[in-house]
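Visitor: As input, take coords-v3.tsv (TSV, C-alpha atoms):
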chain	number	residue	atom	x	y	z
A	26	MET	CA	-4.63	31.57	3.10
A	27	PRO	CA	-6.58	29.25	0.78
A	28	ILE	CA	-6.55	29.92	-2.95
A	29	SER	CA	-9.90	30.99	-4.37
A	30	GLY	CA	-10.78	30.12	-7.93
A	31	THR	CA	-8.37	28.37	-10.26
A	32	PRO	CA	-4.67	28.86	-9.45
A	33	SER	CA	-1.99	29.54	-12.01
A	34	ARG	CA	0.80	27.00	-12.26
A	35	ALA	CA	3.07	29.16	-10.10
A	36	GLN	CA	0.34	29.64	-7.48
A	37	LEU	CA	-0.37	25.92	-7.41
A	38	VAL	CA	3.31	25.04	-6.99
A	39	ASP	CA	3.50	27.43	-4.04
A	40	HIS	CA	0.33	25.96	-2.54
A	41	LEU	CA	1.56	22.37	-2.92
A	42	VAL	CA	4.75	23.22	-1.05
A	43	ARG	CA	2.98	25.19	1.72
A	44	THR	CA	0.50	22.38	2.38
A	45	ARG	CA	3.16	19.67	1.99
A	46	ILE	CA	1.29	17.91	-0.80
A	47	ALA	CA	4.69	18.23	-2.48
A	48	GLY	CA	8.05	19.72	-1.51
A	49	ASP	CA	9.21	18.57	1.93
A	50	VAL	CA	6.56	15.92	2.55
A	51	ALA	CA	5.71	14.06	5.75
A	52	THR	CA	6.92	10.65	4.54
A	53	PRO	CA	10.49	10.14	5.83
A	54	ARG	CA	13.35	8.88	3.71
A	55	GLU	CA	13.70	5.63	5.65
A	56	ASN	CA	10.06	4.74	4.93
A	57	ASN	CA	10.53	5.42	1.23
A	58	LEU	CA	13.63	3.23	1.00
A	59	SER	CA	11.99	0.45	3.01
A	60	HIS	CA	9.08	0.33	0.55
A	61	TYR	CA	11.41	0.37	-2.47
A	62	ARG	CA	13.33	-2.56	-0.96
A	63	LEU	CA	10.18	-4.55	-0.18
A	64	LEU	CA	8.89	-4.07	-3.71
A	65	ALA	CA	12.25	-5.15	-5.16
A	66	ASN	CA	12.23	-8.21	-2.89
A	67	GLY	CA	8.92	-9.31	-4.36
A	68	ASP	CA	6.50	-8.33	-1.58
A	69	ARG	CA	3.21	-8.18	-3.49
A	70	ASN	CA	1.67	-5.85	-0.93
A	71	PHE	CA	3.81	-3.18	-2.57
A	72	TRP	CA	3.08	-4.16	-6.19
A	73	LEU	CA	-0.32	-2.43	-6.04
A	74	GLY	CA	-2.15	-4.91	-8.23
A	75	LEU	CA	0.60	-5.03	-10.86
A	76	GLU	CA	2.69	-7.95	-12.04
A	77	LEU	CA	6.27	-6.70	-11.88
A	78	GLY	CA	8.03	-10.05	-12.23
A	79	GLU	CA	11.81	-9.82	-11.87
A	80	ARG	CA	12.09	-6.53	-13.73
A	81	TRP	CA	12.51	-4.40	-10.61
A	82	ALA	CA	14.53	-6.71	-8.38
A	83	ASP	CA	17.23	-4.06	-7.80
A	84	GLU	CA	16.07	-1.39	-5.35
A	85	GLN	CA	18.56	1.07	-6.85
A	86	ASP	CA	16.67	0.86	-10.15
A	87	VAL	CA	13.48	1.63	-8.26
A	88	LEU	CA	15.14	4.62	-6.57
A	89	ALA	CA	16.35	5.92	-9.94
A	90	VAL	CA	12.81	5.93	-11.34
A	91	MET	CA	11.44	7.58	-8.21
A	92	ALA	CA	14.09	10.30	-8.39
A	93	GLU	CA	13.23	10.94	-12.04
A	94	ARG	CA	9.44	10.81	-11.83
A	95	VAL	CA	8.75	11.96	-8.27
A	96	GLY	CA	11.75	14.01	-7.22
A	97	VAL	CA	12.97	12.05	-4.21
A	98	ASN	CA	16.66	12.37	-3.34
A	99	ASP	CA	18.64	10.30	-5.87
A	100	ASP	CA	21.59	9.58	-3.53
A	101	PRO	CA	21.49	5.89	-2.48
A	102	GLU	CA	23.67	6.74	0.53
A	103	TYR	CA	21.07	9.18	1.87
A	104	ARG	CA	19.26	6.81	4.23
A	105	PHE	CA	17.50	8.88	6.89
A	106	GLY	CA	15.77	12.23	7.20
A	107	GLN	CA	13.59	14.45	5.02
A	108	ASP	CA	12.56	13.35	1.55
A	109	THR	CA	10.83	15.32	-1.17
A	110	ILE	CA	8.33	15.36	-4.01
A	111	ASP	CA	9.15	17.86	-6.74
A	112	PRO	CA	6.06	20.11	-7.06
A	113	GLU	CA	6.89	20.79	-10.71
A	114	LEU	CA	6.63	17.05	-11.38
A	115	THR	CA	3.29	17.02	-9.56
A	116	VAL	CA	1.93	19.72	-11.85
A	117	ASP	CA	3.44	18.01	-14.90
A	118	GLY	CA	1.53	14.89	-13.85
A	119	LEU	CA	-1.68	16.89	-13.45
A	120	ASP	CA	-1.22	18.26	-16.97
A	121	ARG	CA	-0.83	14.73	-18.37
A	122	LEU	CA	-3.87	13.60	-16.40
A	123	ALA	CA	-5.85	16.59	-17.68
A	124	ALA	CA	-5.06	15.63	-21.27
A	125	ARG	CA	-6.45	12.12	-20.68
A	126	LEU	CA	-9.56	13.53	-18.99
A	127	ARG	CA	-10.12	15.86	-21.94
A	128	LYS	CA	-9.95	12.86	-24.28
A	129	ALA	CA	-12.49	11.04	-22.12
A	130	ALA	CA	-14.84	14.01	-22.22
A	131	GLU	CA	-14.52	14.41	-25.98
A	132	GLY	CA	-15.27	10.72	-26.49
A	133	ARG	CA	-17.99	10.59	-23.81
A	134	GLU	CA	-16.25	7.57	-22.37
A	135	ARG	CA	-17.32	5.28	-19.55
A	136	VAL	CA	-15.16	6.20	-16.54
A	137	LEU	CA	-14.71	4.38	-13.24
A	138	PHE	CA	-13.43	6.20	-10.16
A	139	ALA	CA	-11.94	4.46	-7.12
A	140	THR	CA	-9.72	5.26	-4.15
A	141	GLY	CA	-7.77	3.37	-1.55
A	142	HIS	CA	-7.17	6.65	0.30
A	143	PRO	CA	-10.67	7.96	1.06
A	144	GLY	CA	-9.43	10.16	3.91
A	145	GLY	CA	-7.41	12.24	1.46
A	146	LEU	CA	-8.49	11.75	-2.13
A	147	LEU	CA	-12.20	10.88	-2.09
A	148	ASP	CA	-13.33	14.41	-2.88
A	149	VAL	CA	-10.69	14.87	-5.59
A	150	HIS	CA	-12.19	11.89	-7.38
A	151	ARG	CA	-15.77	12.98	-6.66
A	152	ALA	CA	-15.24	16.42	-8.16
A	153	THR	CA	-13.56	14.95	-11.23
A	154	ALA	CA	-16.40	12.48	-11.71
A	155	ALA	CA	-18.98	15.27	-11.45
A	156	ALA	CA	-17.14	17.31	-14.07
A	157	LEU	CA	-16.92	14.39	-16.48
A	158	ARG	CA	-20.61	13.58	-16.03
A	159	THR	CA	-21.44	17.19	-16.89
A	160	ALA	CA	-19.32	16.78	-20.03
A	161	GLY	CA	-21.40	13.77	-21.08
A	162	CYS	CA	-19.36	10.85	-19.78
A	163	GLU	CA	-20.96	7.82	-18.17
A	164	ILE	CA	-19.68	7.33	-14.63
A	165	VAL	CA	-19.61	3.59	-14.06
A	166	VAL	CA	-21.92	2.31	-11.33
A	167	ILE	CA	-20.39	-0.76	-9.72
A	168	PRO	CA	-22.43	-3.94	-9.15
A	169	ASP	CA	-24.03	-4.52	-5.77
A	170	GLY	CA	-22.82	-7.13	-3.30
A	171	LEU	CA	-19.11	-7.05	-4.06
A	172	ARG	CA	-16.63	-7.97	-1.35
A	173	THR	CA	-13.04	-9.02	-0.75
A	174	ASP	CA	-11.28	-10.56	2.24
A	175	GLU	CA	-10.81	-7.01	3.59
A	176	GLY	CA	-14.42	-5.90	3.39
A	177	TYR	CA	-17.20	-4.72	1.09
A	178	VAL	CA	-16.62	-2.85	-2.16
A	179	MET	CA	-19.02	0.10	-2.10
A	180	GLN	CA	-19.56	3.32	-4.02
A	181	PHE	CA	-19.98	6.76	-2.45
A	182	ALA	CA	-20.28	10.00	-4.42
A	183	ASP	CA	-19.47	8.09	-7.63
A	184	VAL	CA	-16.22	6.73	-6.17
A	185	ALA	CA	-15.60	3.04	-5.40
A	186	VAL	CA	-14.13	2.44	-1.94
A	187	LEU	CA	-13.55	-0.39	0.49
A	188	GLU	CA	-15.89	-0.43	3.50
A	189	HIS	CA	-15.16	-2.38	6.66
A	190	GLY	CA	-16.99	-2.14	9.97
A	191	ALA	CA	-19.07	0.85	8.79
A	192	THR	CA	-15.82	2.70	8.02
A	193	LEU	CA	-14.21	3.61	4.70
A	194	TRP	CA	-10.98	1.66	4.55
A	195	HIS	CA	-7.45	2.52	3.47
A	196	THR	CA	-6.12	-0.23	1.19
A	197	HIS	CA	-3.26	-0.85	-1.21
A	198	SER	CA	-4.84	-4.04	-2.55
A	199	GLY	CA	-5.85	-4.65	-6.14
A	200	GLU	CA	-8.54	-7.11	-5.05
A	201	PRO	CA	-11.36	-4.54	-4.85
A	202	MET	CA	-10.75	-3.60	-8.50
A	203	ARG	CA	-10.65	-7.27	-9.40
A	204	ALA	CA	-14.07	-7.66	-7.75
A	205	ILE	CA	-15.51	-4.75	-9.73
A	206	LEU	CA	-14.20	-5.85	-13.11
A	207	THR	CA	-15.26	-9.44	-12.51
A	208	GLY	CA	-18.70	-8.26	-11.37
A	209	LEU	CA	-19.15	-6.14	-14.49
A	210	GLU	CA	-18.17	-9.03	-16.75
A	211	GLN	CA	-20.50	-11.45	-14.96
A	212	ALA	CA	-23.35	-8.98	-15.34
A	213	GLY	CA	-22.67	-8.66	-19.06
A	214	ARG	CA	-21.82	-4.99	-18.69
A	215	PRO	CA	-18.98	-3.25	-20.55
A	216	LEU	CA	-15.73	-2.52	-18.78
A	217	PRO	CA	-14.66	1.10	-18.29
A	218	ASP	CA	-12.89	3.00	-21.05
A	219	LEU	CA	-10.89	4.76	-18.33
A	220	VAL	CA	-10.12	4.15	-14.66
A	221	VAL	CA	-9.17	7.13	-12.49
A	222	ALA	CA	-7.89	5.85	-9.17
A	223	ASP	CA	-4.88	5.27	-6.91
A	224	HIS	CA	-3.10	2.40	-5.13
A	225	GLY	CA	-4.04	-1.12	-6.20
A	226	TRP	CA	-7.29	0.05	-7.78
A	227	ALA	CA	-5.27	1.83	-10.48
A	228	GLY	CA	-2.54	-0.81	-10.69
A	229	TYR	CA	-4.88	-3.78	-11.14
A	230	ALA	CA	-6.90	-2.00	-13.83
A	231	ALA	CA	-3.74	-1.06	-15.74
A	232	GLN	CA	-2.32	-4.58	-15.45
A	233	HIS	CA	-5.50	-5.94	-17.00
A	234	GLY	CA	-5.31	-3.74	-20.06
A	235	LEU	CA	-7.58	-0.84	-19.14
A	236	ASP	CA	-6.56	2.77	-19.61
A	237	SER	CA	-5.69	3.72	-16.05
A	238	VAL	CA	-4.45	6.92	-14.44
A	239	GLY	CA	-3.90	7.75	-10.82
A	240	TYR	CA	-2.22	9.42	-7.90
A	241	ALA	CA	0.63	7.97	-5.87
A	242	ASP	CA	2.81	8.92	-2.92
A	243	CYS	CA	6.61	8.83	-2.80
A	244	ASN	CA	6.54	5.61	-0.75
A	245	ASP	CA	4.33	3.81	-3.31
A	246	PRO	CA	6.69	3.24	-6.24
A	247	ALA	CA	4.74	0.61	-8.18
A	248	LEU	CA	2.54	3.00	-10.14
A	249	PHE	CA	5.54	5.07	-11.22
A	250	LEU	CA	7.32	1.93	-12.39
A	251	ALA	CA	4.19	0.98	-14.32
A	252	GLU	CA	4.05	4.42	-15.93
A	253	SER	CA	7.72	4.14	-16.91
A	254	GLU	CA	6.93	0.82	-18.61
A	255	GLY	CA	3.80	2.15	-20.32
A	256	THR	CA	1.37	-0.07	-18.38
A	257	LEU	CA	-0.18	2.86	-16.50
A	258	GLN	CA	-0.87	6.00	-18.50
A	259	VAL	CA	-0.33	8.63	-15.80
A	260	ALA	CA	0.94	8.61	-12.22
A	261	VAL	CA	0.71	11.96	-10.42
A	262	PRO	CA	3.19	12.26	-7.50
A	263	LEU	CA	1.79	13.75	-4.30
A	264	ASP	CA	1.37	13.16	-0.59
A	265	ASP	CA	-1.94	11.31	-0.64
A	266	HIS	CA	-3.08	12.15	2.91
A	267	VAL	CA	-2.21	15.60	4.20
A	268	VAL	CA	-3.74	17.18	7.29
A	269	SER	CA	-6.86	18.50	5.53
A	270	PRO	CA	-8.56	17.14	2.41
A	271	ARG	CA	-9.46	20.75	1.56
A	272	HIS	CA	-5.80	21.34	0.74
A	273	TYR	CA	-6.39	19.36	-2.46
A	274	ASP	CA	-9.13	21.74	-3.70
A	275	PRO	CA	-6.82	24.14	-5.59
A	276	MET	CA	-5.12	21.15	-7.22
A	277	THR	CA	-8.50	19.80	-8.33
A	278	ALA	CA	-9.52	23.20	-9.68
A	279	TYR	CA	-6.29	23.41	-11.68
A	280	LEU	CA	-6.79	19.88	-13.04
A	281	LEU	CA	-10.37	20.48	-14.19
A	282	ALA	CA	-9.49	23.81	-15.78
A	283	ALA	CA	-6.55	22.26	-17.62
A	284	ALA	CA	-8.88	19.50	-18.88
A	285	GLY	CA	-11.44	22.03	-20.09
A	286	LEU	CA	-14.01	20.74	-17.59
A	287	THR	CA	-16.37	22.57	-15.29
A	288	GLU	CA	-17.75	21.00	-12.13
A	289	VAL	CA	-21.33	21.78	-11.19
Show the structure stored in the file as structure tokens.
Guide:
Amino acid sequence: MPISGTPSRAQLVDHLVRTRIAGDVATPRENNLSHYRLLANGDRNFWLGLELGERWADEQDVLAVMAERVGVNDDPEYRFGQDTIDPELTVDGLDRLAARLRKAAEGRERVLFATGHPGGLLDVHRATAAALRTAGCEIVVIPDGLRTDEGYVMQFADVAVLEHGATLWHTHSGEPMRAILTGLEQAGRPLPDLVVADHGWAGYAAQHGLDSVGYADCNDPALFLAESEGTLQVAVPLDDHVVSPRHYDPMTAYLLAAAGLTEV
């Protein structure tokens, strides 16, 4: 049964496991390890807008960070089968994210929201943007006419997304965020004080010196590496596309309550 209202920490942990946002997630171990290896081998598609250089050229170092910050199995000999996200680490990440959102609200900061996973996380970002606007923050409106090689950079419900062929597009690329920041600078408009995002949208913003927080799956290690280095402020581990986007509602309610925000 869905949780009504704001869950306690224990209720949220149970919900995350039941809906497979955390716990035994859908992403298999072999997919996780393949992505860790590709990142370590320098495949920029897995750097998520960051510049990792040679610092993470050993996939075992990547695995160690993912075990610590996400809760995947830390055994390098475990190659196939079920992998996990520790729900306690997910809630810890939400608490860190809530603290940064509270700071944004107190300072009435300019905040930019973006997602490369609109099928799962669009409404999480929308609800957070609405709550921050109510608290007095400026939600950044992106310039018109932005595009990348993949498609058009648009904004729906206060959240920047990639649109291609009249469809909202899944992307790991940092290029859409590059287009936004470049467009703001060319228009003589201030850059955001905070970026709340995921995938390359969060990574590119963090790499270019903006306060950036975001969500990431267990097969997307770059943001967790960036958090471990202090480039990204917060990376919340979760499955970023479960069977229903409504499964994220209790998580969002917990986040906004922990931040002292109320969505209207």
Visitor: Need the shell around Asp148 (chain A): protein/DNA/RNA residues with any atom at most 9 Å away, counting all atoms listed in the file. Skip same-chain ones fewer than 2 positions apart. Format as a ChimeraX atom specification?
Guide: /A:143-146,150-153,182,184,270-271,273-274
Visitor: For Val268 (chain A), which residue among A:Ile28, A:Ala124, A:Ala51, A:Leu187 is the nearest when counting all atoms listed in the file?
Guide: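 Smallest distance to Val268 (chain A) is found for A:Ala51.
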Visitor: Compile a residue-level contact table for region 239-262 of chain A against region 83-87 of chain A at a cut-off of 10 Å, reporting for every qualifying residue the shortest atom pair and its distance in Å to one decimal, with all atoms listed in the file counted, rows ordered by chain and ascending number, as JSON lines.
Guide:
{"residue": "A:Pro246", "atom": "CA", "partner": "A:Val87", "partner_atom": "CA", "distance": 7.3}
{"residue": "A:Ala247", "atom": "CA", "partner": "A:Val87", "partner_atom": "CA", "distance": 8.8}
{"residue": "A:Phe249", "atom": "CA", "partner": "A:Val87", "partner_atom": "CA", "distance": 9.1}
{"residue": "A:Leu250", "atom": "CA", "partner": "A:Val87", "partner_atom": "CA", "distance": 7.4}
Visitor: Between A:Ala260, A:Leu114, A:Ala65, A:Leu248, which one has atoms that come closest to Val97 (chain A), using all atoms listed in the file?
Guide: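 Using all atoms listed in the file, the shortest distance to Val97 (chain A) belongs to A:Leu114.
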Visitor: Where's the centre, and what are the edge lengths in Å to one decimal, of a box along x, y and z enclosing all listed atoms of region 240-249 of chain A padded 4 Å per side, as AutoDock Vina command-line options?
Guide:
--center_x 2.2 --center_y 5.0 --center_z -6.0 --size_x 16.9 --size_y 16.8 --size_z 18.5
Visitor: Between A:Leu88, A:Ile167, A:Ala156, A:Val267, which residue has the minimum interatomic distance to Ala123 (chain A), considering all atoms listed in the file?
Guide: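 Between A:Leu88, A:Ile167, A:Ala156, A:Val267, the residue approaching Ala123 (chain A) most closely is A:Ala156.
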Visitor: Pick out the closest residue to Pro217 (chain A) from this set: A:Asp108, A:Asp183, A:Glu163, A:Asp68. Count all atoms listed in the file.
Guide: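 Closest candidate: A:Glu163.
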Visitor: Which residue out of A:Gln258, A:Asn66, A:Ser253, A:Ser59 has the minimum interatomic distance to Ala227 (chain A) when all atoms listed in the file are used?
Guide: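 Nearest candidate to Ala227 (chain A) out of A:Gln258, A:Asn66, A:Ser253, A:Ser59: A:Gln258.
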Visitor: Measure the distance from CA of Val116 (chain A) to CA of Arg45 (chain A) in Å and round it to one decimal.
Guide: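 A separation of 13.9 Å between them.
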Visitor: Give the answer as one residue: which of A:Gly141, A:Gly161, A:Gly228, A:Gly48 has the shortest atom-to-atom distance to Asp265 (chain A), using all atoms listed in the file?
Guide: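 Checking each candidate against Asp265 (chain A), we get A:Gly141 as the closest.
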Visitor: Please list as a count of residues only every residue within 9 Å of Glu175 (chain A), counting only C-alpha atoms and excluding residues in the same chain fewer than 3 positions away.
Guide: 8
Visitor: Leu137 (chain A): which residues within 7 Å, counting only C-alpha atoms, same-chain residues fewer than 2 positions away excluded, as a short mmCIF file (atom, residue, chain, number, x, y, z; two decimals) with C-alpha atoms, in the coordinates of the input?
Guide:
data_model
loop_
_atom_site.label_atom_id
_atom_site.label_comp_id
_atom_site.auth_asym_id
_atom_site.auth_seq_id
_atom_site.Cartn_x
_atom_site.Cartn_y
_atom_site.Cartn_z
CA ARG A 135 -17.32 5.28 -19.55
CA ALA A 139 -11.94 4.46 -7.12
CA ILE A 164 -19.68 7.33 -14.63
CA VAL A 165 -19.61 3.59 -14.06
CA PRO A 217 -14.66 1.10 -18.29
CA LEU A 219 -10.89 4.76 -18.33
CA VAL A 220 -10.12 4.15 -14.66
CA VAL A 221 -9.17 7.13 -12.49
#
Visitor: So the first atom is CA of Arg203 (chain A) and the second is CA of Leu147 (chain A); what is the distance between them in Å, to one decimal place?
Guide: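 Those two atoms sit 19.6 Å apart.
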Visitor: What does the distance between CA of Arg62 (chain A) and CA of Ala82 (chain A) come to in Å, to one decimal place?
Guide: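 Interatomic distance here is 8.6 Å.
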Visitor: Starting from the block above, write region 76-182 of chain A out to a file with C-alpha atoms, as a CSV table (one decimal), in the first residue's frame, please.
Guide:
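Once everything was written out, this is result-v3.csv:
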chain,number,residue,atom,x,y,z
A,76,GLU,CA,36.7,15.6,-15.9
A,77,LEU,CA,38.1,12.5,-14.1
A,78,GLY,CA,41.5,12.5,-15.7
A,79,GLU,CA,43.6,9.4,-14.6
A,80,ARG,CA,42.5,9.5,-11.0
A,81,TRP,CA,40.0,6.6,-11.4
A,82,ALA,CA,41.8,4.4,-13.9
A,83,ASP,CA,41.6,1.3,-11.6
A,84,GLU,CA,38.1,-0.1,-11.7
A,85,GLN,CA,38.7,-1.7,-8.2
A,86,ASP,CA,39.0,1.8,-6.8
A,87,VAL,CA,35.7,2.7,-8.4
A,88,LEU,CA,34.1,-0.4,-6.9
A,89,ALA,CA,35.4,0.5,-3.5
A,90,VAL,CA,33.8,3.9,-3.6
A,91,MET,CA,30.5,2.4,-4.9
A,92,ALA,CA,30.5,-0.1,-2.0
A,93,GLU,CA,31.1,2.6,0.5
A,94,ARG,CA,28.7,5.3,-0.8
A,95,VAL,CA,26.0,3.2,-2.5
A,96,GLY,CA,26.1,-0.2,-0.9
A,97,VAL,CA,26.9,-2.5,-3.8
A,98,ASN,CA,28.6,-5.8,-3.1
A,99,ASP,CA,32.3,-5.0,-2.3
A,100,ASP,CA,33.7,-8.4,-3.5
A,101,PRO,CA,35.5,-7.9,-6.8
A,102,GLU,CA,35.1,-11.7,-7.5
A,103,TYR,CA,31.3,-11.3,-7.4
A,104,ARG,CA,30.7,-10.9,-11.1
A,105,PHE,CA,27.1,-11.9,-11.9
A,106,GLY,CA,23.7,-11.8,-10.3
A,107,GLN,CA,21.8,-9.5,-7.9
A,108,ASP,CA,23.4,-6.2,-6.8
A,109,THR,CA,22.1,-3.8,-4.1
A,110,ILE,CA,21.7,-0.2,-3.0
A,111,ASP,CA,21.8,0.2,0.8
A,112,PRO,CA,18.5,2.0,1.6
A,113,GLU,CA,20.1,3.6,4.7
A,114,LEU,CA,22.7,5.2,2.4
A,115,THR,CA,19.8,6.5,0.3
A,116,VAL,CA,18.2,8.1,3.3
A,117,ASP,CA,21.5,9.5,4.5
A,118,GLY,CA,21.9,11.1,1.0
A,119,LEU,CA,18.4,12.6,1.2
A,120,ASP,CA,19.3,14.1,4.6
A,121,ARG,CA,22.4,15.7,3.1
A,122,LEU,CA,20.4,16.9,0.2
A,123,ALA,CA,17.8,18.3,2.5
A,124,ALA,CA,20.4,20.3,4.4
A,125,ARG,CA,21.6,21.9,1.1
A,126,LEU,CA,18.0,22.7,0.1
A,127,ARG,CA,17.3,24.3,3.5
A,128,LYS,CA,20.4,26.5,3.0
A,129,ALA,CA,19.1,27.5,-0.5
A,130,ALA,CA,15.7,28.4,1.0
A,131,GLU,CA,17.2,30.4,3.8
A,132,GLY,CA,19.4,32.4,1.3
A,133,ARG,CA,16.6,32.6,-1.3
A,134,GLU,CA,19.0,31.3,-3.9
A,135,ARG,CA,18.7,31.0,-7.6
A,136,VAL,CA,18.2,27.2,-8.3
A,137,LEU,CA,18.2,25.3,-11.5
A,138,PHE,CA,16.6,21.9,-11.9
A,139,ALA,CA,17.3,19.4,-14.6
A,140,THR,CA,17.0,15.7,-15.3
A,141,GLY,CA,18.3,13.2,-17.8
A,142,HIS,CA,15.8,10.7,-16.5
A,143,PRO,CA,12.4,12.3,-17.1
A,144,GLY,CA,10.6,9.0,-17.0
A,145,GLY,CA,11.5,8.5,-13.4
A,146,LEU,CA,12.7,11.7,-11.7
A,147,LEU,CA,10.9,14.6,-13.4
A,148,ASP,CA,8.2,14.9,-10.8
A,149,VAL,CA,10.7,14.6,-7.9
A,150,HIS,CA,12.5,17.7,-9.3
A,151,ARG,CA,9.2,19.5,-10.1
A,152,ALA,CA,7.9,19.1,-6.5
A,153,THR,CA,11.2,20.2,-5.1
A,154,ALA,CA,11.3,23.3,-7.3
A,155,ALA,CA,7.7,24.2,-6.3
A,156,ALA,CA,8.6,23.9,-2.6
A,157,LEU,CA,11.7,26.1,-3.0
A,158,ARG,CA,9.7,28.7,-5.0
A,159,THR,CA,7.2,28.8,-2.1
A,160,ALA,CA,10.1,29.4,0.2
A,161,GLY,CA,11.2,32.5,-1.8
A,162,CYS,CA,13.9,31.0,-4.1
A,163,GLU,CA,14.1,32.0,-7.8
A,164,ILE,CA,13.8,28.9,-10.0
A,165,VAL,CA,16.0,29.6,-13.0
A,166,VAL,CA,14.2,29.9,-16.4
A,167,ILE,CA,16.5,28.6,-19.1
A,168,PRO,CA,17.1,30.6,-22.3
A,169,ASP,CA,15.0,29.8,-25.4
A,170,GLY,CA,16.4,28.1,-28.5
A,171,LEU,CA,19.0,25.9,-26.8
A,172,ARG,CA,20.0,22.7,-28.5
A,173,THR,CA,22.7,20.0,-28.6
A,174,ASP,CA,23.6,17.3,-31.1
A,175,GLU,CA,21.0,15.1,-29.3
A,176,GLY,CA,18.1,17.5,-29.4
A,177,TYR,CA,16.5,20.6,-27.9
A,178,VAL,CA,17.1,21.7,-24.4
A,179,MET,CA,13.6,22.6,-23.0
A,180,GLN,CA,12.0,23.3,-19.7
A,181,PHE,CA,8.8,21.6,-18.4
A,182,ALA,CA,7.3,22.1,-14.9
